[in-house]
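**Student:** Encoded as structure tokens, here's the structure I'll be asking about.
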Amino acid sequence: MLKKIQERIFPFLIAVSALSVSASAAFYSISGLSKLFAGAAFAVIVMTSSLEIAKLVIASLLYQYRKSLPIFLKLYLSVACIILILITSMGIYGFLSSAYQETANKAGTIDAQVALVETKRDNIREQLTIYNEEKTSINTAVGDLRNGLSNNTIQYKDRETGEIITTTSSSTRRALEKQLDKAIERQTEINGKVDGLNEQLFNYETEIVEISTNNDLAGELGPLKYLSGLTGVPMDKIINYLLLTIIFVFDPLAIALVIAANFAFEQLGNKYKKNLYGENVPLATPFKRYEYMDEKEVDVILEDKEEVEETEEVEIAETPPLPKPNYDIEKDKIKNMSGISGWRKSKMLAEVEKKKKNDNNDLRIDY
């Protein structure tokens, strides 16, 4: 019982799968073609919808009447079905490529924003490099001026005593102090600018991270970017290969499932009968299936049926009578047997004698 239910349900599952794949392929194809011919979108939707229905009907027609259709009609319908598959595939390609193009445009906008912020960041880095170099030179100058102040001594010889006197130069000290004050002032100014530039640089880096991560495109294009970086192939080519793979499987699979559904329902419609051994065997020539046969096959079946109906009697050949066995020879063979007991020989001789009496009374027993 369960097996019969499974046999009847499975063709319907095939049919539902075929219709679902065909419907989704038709939807994507109609959407893609309507976008391609946006000036007459409604007319394109009506035209492509009728063509999608006709394609499924043609596939079923070619399978159901594959033997009885004229050769030229069969050839034309086959070519038309292939062309319709190509049209559907073109529509699917247009739909998917349009969807990717929208995402790519958003990604391009984000890339442009990131590039603008990176330009500002690079400008800040260049200014920061210049100020860091100046800061280094000023720090060196401040150190030298401080060393000059600490070593500000002069020596001269006293004319009266002739002694060498060491003292500081007030004019040199005032000059060094003035230079040191200016250097320290400039050092303070540069430190403030460096701190400001570092803060701007940090803000730009944060902005780049926020633009790159705070959007839905990171999840959509992340795998494609990874494949592009891994293989070295541009992302547009990877998308093109992916779309071609989809369209070469999508609609041909729908047509294959439609034909498979027809085949499954055809097998479900076969009638079975039980033979002498209780086995279920299909009927050889059910009349409701003459439409799937060639004209020659139908003529042969009908001619055989007429010949059987015209035959009134069936002659049965009589089998020739079997030759009667020679029981005396059998008795001699039993008596000459070795390796068996006398009781067994007596029983076998009795059976032979019994058969001989039955033959004499015309009562033959066949085993």
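Residue numbers start at 1 in each chain; chains themselves are named A, B, ... in the order of the structure tokens; ligands are numbered from 1 in the order shown.
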Using only C-alpha atoms, I'd like a table of the residues in region 216-265 of chain A that come within 12 Å of region 37-54 of chain A; for each, show the closest atom pair and its distance in Å rounded to one decimal, ordered by chain and ascending number, as CSV.

**Tutor:**
residue,atom,partner,partner_atom,distance
A:Asp251,CA,A:Glu52,CA,10.4
A:Ala254,CA,A:Glu52,CA,11.1
A:Ile255,CA,A:Glu52,CA,10.8
A:Val258,CA,A:Ile53,CA,11.9

**Student:** Write a file of the just-selected residues containing C-alpha atoms, as a short mmCIF file (atom, residue, chain, number, x, y, z; two decimals), in the first residue's frame.

**Tutor:**
data_model
loop_
_atom_site.label_atom_id
_atom_site.label_comp_id
_atom_site.auth_asym_id
_atom_site.auth_seq_id
_atom_site.Cartn_x
_atom_site.Cartn_y
_atom_site.Cartn_z
CA ASP A 251 15.74 26.88 -18.02
CA ALA A 254 12.87 23.29 -16.20
CA ILE A 255 12.25 21.72 -19.64
CA VAL A 258 8.57 18.92 -17.64
#

**Student:** Env of region 132-148 of chain A: 7 Å cut, atoms = only C-alpha atoms, seq-sep filter 5 positions within chain, self excluded. Answer as a ChimeraX atom specification.

**Tutor:** /A:176,180,183-184,187,190

**Student:** Take the selection from the previous step and output its residues with C-alpha atoms, as a PDB file, in the first residue's frame.

**Tutor:**
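The new file part-v8.pdb reads:
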ATOM      1  CA  LEU A 176      71.636  82.850  23.198  1.00  0.00           C
ATOM      2  CA  LEU A 180      66.415  79.949  22.847  1.00  0.00           C
ATOM      3  CA  ALA A 183      63.152  78.204  19.437  1.00  0.00           C
ATOM      4  CA  ILE A 184      61.050  77.123  22.397  1.00  0.00           C
ATOM      5  CA  GLN A 187      58.748  74.180  19.300  1.00  0.00           C
ATOM      6  CA  ILE A 190      54.883  72.835  16.095  1.00  0.00           C
TER       7      ILE A 190
END

**Student:** State, in Å with one decimal place, the distance from CA of Ile124 (chain A) to CA of Glu210 (chain A).

**Tutor:**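 The value is 19.0 Å.
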
**Student:** Quick one: residues within 6 Å of region 105-122 of chain A, only C-alpha atoms, excluding same-chain residues fewer than 5 positions away - as a list of chain:residue names?

**Tutor:**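 Residues meeting the cut-off are A:Leu201, A:Tyr204, A:Ile208.
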
**Student:** Take the residues from that selection and put them in a file with C-alpha atoms, as a PDB file, in the first residue's frame.

**Tutor:**
ATOM      1  CA  LEU A 201      44.582  61.587  10.765  1.00  0.00           C
ATOM      2  CA  TYR A 204      40.036  60.148   8.705  1.00  0.00           C
ATOM      3  CA  ILE A 208      37.263  55.133   6.206  1.00  0.00           C
TER       4      ILE A 208
END

**Student:** Run DSSP on the backbone and grab whatever in region 53-266 of chain A lands in strand (DSSP E or B); send it over as a list of chain:residue names.

**Tutor:** A:Ile154, A:Gln155, A:Tyr156, A:Lys157, A:Ile164, A:Ile165, A:Thr166, A:Thr167

**Student:** Could you name the residues that touch region 344-346 of chain A at 9 Å or less, counting only C-alpha atoms, but leaving out those on the same chain fewer than 4 positions away, as a list in words?

**Tutor:**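 So, after excluding close chain neighbours, the residues are Ile334, Lys335, Met337, Ile340, Ala350 and Glu351 of chain A.
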
**Student:** Store the residues picked out above in a file with all heavy atoms, as a PDB file, in the first residue's frame.

**Tutor:**
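Saved result, again.pdb, follows:
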ATOM      1  N   ILE A 334      17.086 -55.332 -11.094  1.00  0.00           N
ATOM      2  CA  ILE A 334      16.949 -55.199  -9.642  1.00  0.00           C
ATOM      3  C   ILE A 334      17.596 -56.389  -8.939  1.00  0.00           C
ATOM      4  O   ILE A 334      18.286 -56.241  -7.918  1.00  0.00           O
ATOM      5  CB  ILE A 334      15.463 -55.077  -9.262  1.00  0.00           C
ATOM      6  CG1 ILE A 334      14.898 -53.737  -9.797  1.00  0.00           C
ATOM      7  CG2 ILE A 334      15.287 -55.123  -7.744  1.00  0.00           C
ATOM      8  CD1 ILE A 334      13.404 -53.594  -9.636  1.00  0.00           C
ATOM      9  N   LYS A 335      17.419 -57.595  -9.492  1.00  0.00           N
ATOM     10  CA  LYS A 335      18.004 -58.784  -8.869  1.00  0.00           C
ATOM     11  C   LYS A 335      19.525 -58.741  -8.905  1.00  0.00           C
ATOM     12  O   LYS A 335      20.182 -59.275  -7.999  1.00  0.00           O
ATOM     13  CB  LYS A 335      17.495 -60.042  -9.573  1.00  0.00           C
ATOM     14  CG  LYS A 335      16.010 -60.294  -9.334  1.00  0.00           C
ATOM     15  CD  LYS A 335      15.544 -61.520 -10.121  1.00  0.00           C
ATOM     16  CE  LYS A 335      14.054 -61.791  -9.906  1.00  0.00           C
ATOM     17  NZ  LYS A 335      13.582 -62.965 -10.680  1.00  0.00           N
ATOM     18  N   MET A 337      21.406 -56.104  -8.740  1.00  0.00           N
ATOM     19  CA  MET A 337      21.957 -54.957  -8.013  1.00  0.00           C
ATOM     20  C   MET A 337      22.724 -55.423  -6.801  1.00  0.00           C
ATOM     21  O   MET A 337      22.338 -56.383  -6.132  1.00  0.00           O
ATOM     22  CB  MET A 337      20.835 -54.016  -7.569  1.00  0.00           C
ATOM     23  CG  MET A 337      20.251 -53.180  -8.682  1.00  0.00           C
ATOM     24  SD  MET A 337      18.987 -52.068  -8.033  1.00  0.00           S
ATOM     25  CE  MET A 337      18.499 -51.257  -9.547  1.00  0.00           C
ATOM     26  N   ILE A 340      22.584 -53.367  -1.833  1.00  0.00           N
ATOM     27  CA  ILE A 340      21.297 -53.080  -1.187  1.00  0.00           C
ATOM     28  C   ILE A 340      20.812 -54.355  -0.512  1.00  0.00           C
ATOM     29  O   ILE A 340      21.166 -55.464  -0.902  1.00  0.00           O
ATOM     30  CB  ILE A 340      20.249 -52.559  -2.189  1.00  0.00           C
ATOM     31  CG1 ILE A 340      19.987 -53.583  -3.290  1.00  0.00           C
ATOM     32  CG2 ILE A 340      20.684 -51.226  -2.791  1.00  0.00           C
ATOM     33  CD1 ILE A 340      18.873 -53.182  -4.235  1.00  0.00           C
ATOM     34  N   ALA A 350       8.252 -55.745  -5.939  1.00  0.00           N
ATOM     35  CA  ALA A 350       6.800 -55.655  -5.749  1.00  0.00           C
ATOM     36  C   ALA A 350       6.226 -54.445  -6.475  1.00  0.00           C
ATOM     37  O   ALA A 350       5.135 -54.510  -7.054  1.00  0.00           O
ATOM     38  CB  ALA A 350       6.494 -55.578  -4.258  1.00  0.00           C
ATOM     39  N   GLU A 351       6.946 -53.330  -6.453  1.00  0.00           N
ATOM     40  CA  GLU A 351       6.468 -52.143  -7.151  1.00  0.00           C
ATOM     41  C   GLU A 351       6.443 -52.355  -8.664  1.00  0.00           C
ATOM     42  O   GLU A 351       5.514 -51.920  -9.345  1.00  0.00           O
ATOM     43  CB  GLU A 351       7.368 -50.958  -6.804  1.00  0.00           C
ATOM     44  CG  GLU A 351       7.225 -50.458  -5.376  1.00  0.00           C
ATOM     45  CD  GLU A 351       8.170 -49.329  -5.083  1.00  0.00           C
ATOM     46  OE1 GLU A 351       8.960 -48.971  -5.986  1.00  0.00           O
ATOM     47  OE2 GLU A 351       8.121 -48.788  -3.952  1.00  0.00           O
TER      48      GLU A 351
END
